[in-house]
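Undergrad: Below is a structure I'd like to ask you about.
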Amino acid sequence: MAAPGLPRVAYKEVAFDLYQDRPNEAVFDHIRDALAATDVLVLSSNRLYASIPRLPWRYPVQIRYYQLLFAGQLGFTPVYTATSYPTLFGLAIPDDGGWVDASFMDSSHPPIHILQKTRSLSPAEWAALFADAIRQPATATRHAP
């Protein structure tokens, strides 16, 4: 799908699969390489950054990625954020506080975050930011070991 006003050849989509179970070092390499090839990052759903932290024994590097991304430490700056809440009689009903099933919000009106790369990190910065997460054990199970 082309971005509005841009021909398809004007940009390249970068695959970013954070649910895949891989060794921590491979996850780190995937994140680092994907972000190196990315100028604009679009988070069109909260599905990953809301669910991944619930499995710290499975996704330590991915959790660290979202912590650093939202803290502005990966060289990306927010340029656009949008939230659209359901309304009743003209009153907005914020439903992102955990009291509504996440699948409802995700399928009908997910929050949108667009971040633009403002600087590239050095290899030493990458290593320092993710060192602790890479060292943590990761177990690909649904329940804590």
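Labels used: A, B, ... for chains in the order of the structure tokens, numbers from 1 for residues in each chain, and numbers from 1 for ligands as shown.
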Find the residues near stretch 55-70 of chain A: any atom within 10 Å, counting only C-alpha atoms, skip ones fewer than 4 places away on the same chain, and give them as a VMD selection string.
TA: chain A and resid 18 to 28 31 to 32 48 to 51 74 to 78 115 129 to 145
Undergrad: Those same residues - C-alpha atoms - I'd like them written as a CSV table (one decimal), in the first residue's frame.
TA:
```csv
chain,number,residue,atom,x,y,z
A,18,LEU,CA,9.2,-8.9,17.3
A,19,TYR,CA,7.0,-11.9,18.2
A,20,GLN,CA,9.3,-14.4,16.6
A,21,ASP,CA,11.2,-16.5,19.1
A,22,ARG,CA,14.9,-16.1,18.5
A,23,PRO,CA,18.0,-16.0,20.7
A,24,ASN,CA,18.4,-12.6,22.4
A,25,GLU,CA,21.5,-11.7,20.3
A,26,ALA,CA,19.5,-12.4,17.1
A,27,VAL,CA,16.6,-10.3,18.3
A,28,PHE,CA,19.0,-7.5,19.1
A,31,ILE,CA,16.1,-4.6,15.9
A,32,ARG,CA,19.4,-2.8,15.3
A,48,LEU,CA,3.0,-5.4,20.5
A,49,TYR,CA,4.1,-2.8,23.0
A,50,ALA,CA,1.1,-3.6,25.2
A,51,SER,CA,1.5,-7.4,25.2
A,74,LEU,CA,17.1,5.1,19.9
A,75,GLY,CA,17.4,8.2,17.7
A,76,PHE,CA,13.7,8.5,16.8
A,77,THR,CA,11.6,11.5,17.7
A,78,PRO,CA,7.7,11.4,17.8
A,115,LEU,CA,8.5,8.6,14.8
A,129,LEU,CA,21.8,0.2,25.7
A,130,PHE,CA,20.9,-3.5,25.2
A,131,ALA,CA,23.7,-5.3,27.1
A,132,ASP,CA,21.6,-6.2,30.2
A,133,ALA,CA,18.6,-7.4,28.1
A,134,ILE,CA,20.8,-9.6,25.9
A,135,ARG,CA,22.3,-11.3,29.0
A,136,GLN,CA,18.8,-12.1,30.5
A,137,PRO,CA,17.6,-15.7,29.9
A,138,ALA,CA,14.8,-16.0,27.4
A,139,THR,CA,12.4,-18.9,27.5
A,140,ALA,CA,9.8,-19.3,24.7
A,141,THR,CA,6.8,-20.4,26.8
A,142,ARG,CA,3.5,-18.8,27.5
A,143,HIS,CA,3.9,-19.1,31.2
A,144,ALA,CA,6.7,-18.1,33.5
A,145,PRO,CA,9.2,-20.9,33.9
```
Undergrad: Enumerate, as a VMD selection string, the complete set of residues in stretch 9-89 of chain A that a backbone-based DSSP assignment places in helix (DSSP H, G or I).
TA: chain A and resid 9 to 10 24 to 36 47 to 54 60 to 70
Undergrad: Output N, CA and C atoms of each residue in that selection to a file, as a tab-separated table (two decimals), in the first residue's frame.
TA:
```tsv
chain	number	residue	atom	x	y	z
A	9	VAL	N	7.47	3.50	-5.19
A	9	VAL	CA	8.92	3.41	-5.24
A	9	VAL	C	9.61	4.45	-4.37
A	10	ALA	N	8.86	5.34	-3.76
A	10	ALA	CA	9.45	6.41	-2.97
A	10	ALA	C	9.90	5.94	-1.59
A	24	ASN	N	18.37	-14.07	22.11
A	24	ASN	CA	18.43	-12.64	22.41
A	24	ASN	C	19.35	-11.86	21.48
A	25	GLU	N	20.51	-12.42	21.19
A	25	GLU	CA	21.46	-11.73	20.31
A	25	GLU	C	20.87	-11.55	18.91
A	26	ALA	N	20.13	-12.54	18.43
A	26	ALA	CA	19.50	-12.44	17.10
A	26	ALA	C	18.38	-11.40	17.10
A	27	VAL	N	17.64	-11.32	18.21
A	27	VAL	CA	16.59	-10.30	18.32
A	27	VAL	C	17.24	-8.92	18.30
A	28	PHE	N	18.29	-8.76	19.07
A	28	PHE	CA	19.02	-7.49	19.09
A	28	PHE	C	19.51	-7.11	17.69
A	29	ASP	N	20.14	-8.06	16.99
A	29	ASP	CA	20.62	-7.79	15.63
A	29	ASP	C	19.47	-7.38	14.72
A	30	HIS	N	18.35	-8.06	14.84
A	30	HIS	CA	17.17	-7.75	14.01
A	30	HIS	C	16.68	-6.33	14.26
A	31	ILE	N	16.56	-5.95	15.53
A	31	ILE	CA	16.09	-4.61	15.88
A	31	ILE	C	17.08	-3.56	15.39
A	32	ARG	N	18.34	-3.76	15.68
A	32	ARG	CA	19.38	-2.80	15.27
A	32	ARG	C	19.39	-2.63	13.75
A	33	ASP	N	19.39	-3.74	13.01
A	33	ASP	CA	19.45	-3.67	11.56
A	33	ASP	C	18.19	-3.06	10.96
A	34	ALA	N	17.03	-3.41	11.51
A	34	ALA	CA	15.77	-2.85	11.00
A	34	ALA	C	15.73	-1.34	11.23
A	35	LEU	N	16.14	-0.89	12.40
A	35	LEU	CA	16.11	0.55	12.68
A	35	LEU	C	17.17	1.29	11.87
A	36	ALA	N	18.28	0.64	11.56
A	36	ALA	CA	19.30	1.28	10.73
A	36	ALA	C	18.76	1.55	9.33
A	47	ARG	N	-0.70	-3.34	19.90
A	47	ARG	CA	-0.72	-4.78	20.15
A	47	ARG	C	0.61	-5.29	20.70
A	48	LEU	N	1.72	-4.90	20.08
A	48	LEU	CA	3.01	-5.42	20.52
A	48	LEU	C	3.49	-4.75	21.80
A	49	TYR	N	3.50	-3.42	21.84
A	49	TYR	CA	4.07	-2.77	23.02
A	49	TYR	C	3.18	-2.90	24.25
A	50	ALA	N	1.93	-3.35	24.06
A	50	ALA	CA	1.07	-3.61	25.22
A	50	ALA	C	1.17	-5.06	25.69
A	51	SER	N	1.45	-5.98	24.78
A	51	SER	CA	1.45	-7.40	25.17
A	51	SER	C	2.84	-7.93	25.52
A	52	ILE	N	3.86	-7.50	24.82
A	52	ILE	CA	5.21	-8.03	25.04
A	52	ILE	C	5.68	-7.85	26.49
A	53	PRO	N	5.45	-6.72	27.13
A	53	PRO	CA	5.92	-6.58	28.53
A	53	PRO	C	5.27	-7.55	29.51
A	54	ARG	N	4.18	-8.20	29.10
A	54	ARG	CA	3.53	-9.16	29.98
A	54	ARG	C	4.26	-10.50	30.04
A	60	PRO	N	12.87	-10.32	26.71
A	60	PRO	CA	13.64	-9.27	27.40
A	60	PRO	C	14.21	-8.20	26.45
A	61	VAL	N	14.66	-8.58	25.29
A	61	VAL	CA	15.24	-7.60	24.36
A	61	VAL	C	14.14	-6.74	23.74
A	62	GLN	N	13.01	-7.34	23.41
A	62	GLN	CA	11.91	-6.59	22.83
A	62	GLN	C	11.35	-5.58	23.84
A	63	ILE	N	11.28	-5.98	25.09
A	63	ILE	CA	10.82	-5.07	26.14
A	63	ILE	C	11.76	-3.88	26.24
A	64	ARG	N	13.05	-4.17	26.23
A	64	ARG	CA	14.05	-3.09	26.30
A	64	ARG	C	13.92	-2.17	25.09
A	65	TYR	N	13.67	-2.73	23.92
A	65	TYR	CA	13.47	-1.92	22.72
A	65	TYR	C	12.35	-0.90	22.92
A	66	TYR	N	11.20	-1.34	23.38
A	66	TYR	CA	10.08	-0.41	23.56
A	66	TYR	C	10.37	0.61	24.66
A	67	GLN	N	11.04	0.20	25.72
A	67	GLN	CA	11.41	1.15	26.77
A	67	GLN	C	12.29	2.26	26.19
A	68	LEU	N	13.30	1.86	25.44
A	68	LEU	CA	14.23	2.84	24.86
A	68	LEU	C	13.58	3.68	23.79
A	69	LEU	N	12.74	3.06	22.96
A	69	LEU	CA	12.07	3.80	21.90
A	69	LEU	C	11.20	4.91	22.47
A	70	PHE	N	10.35	4.56	23.43
A	70	PHE	CA	9.44	5.56	24.02
A	70	PHE	C	10.16	6.56	24.91
```
Undergrad: With only C-alpha atoms as the basis for distance, which of A:Gln73, A:Ser44, A:Thr87, A:Thr38 is at the shortest distance from A:His113?
TA: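 Ranked by minimum distance to A:His113, first place goes to A:Ser44.
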Undergrad: With DSSP run on the backbone, what are the strand (DSSP E) residues within stretch 60-144 of chain A? I'd like them as a list in words.
TA: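 Answer for stretch 60-144 of chain A, restricted to strand (DSSP E): Phe76, Thr77, Pro78, Val79, Tyr80, Thr81, Ala82, Thr87, Leu88, Leu91, Ala92, Ile112, His113, Ile114, Leu115, Gln116 and Lys117 of chain A.
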Undergrad: What is the distance between atom CA of A:Pro111 and atom CA of A:Thr83, in Å to one decimal?
TA: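 Interatomic distance here is 4.7 Å.
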Undergrad: Check the smallest atom-to-atom distance from each of A:Asp17, A:Gly72, A:Tyr11, A:Thr81 to A:Ile112 using only C-alpha atoms, then report the winner.
TA: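 Ranking A:Asp17, A:Gly72, A:Tyr11, A:Thr81 by distance to A:Ile112, first place goes to A:Thr81.
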Undergrad: Provide the atom CA of A:Ala71 to atom CA of A:Lys12 distance in Å, to one decimal place.
TA: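 These two atoms are separated by 25.7 Å.
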Undergrad: For atom CA of A:Ala37 and atom CA of A:Glu13, quote the distance in Å rounded to one decimal.
TA: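 Answer for the atom CA of A:Ala37 to atom CA of A:Glu13 separation: 9.3 Å.
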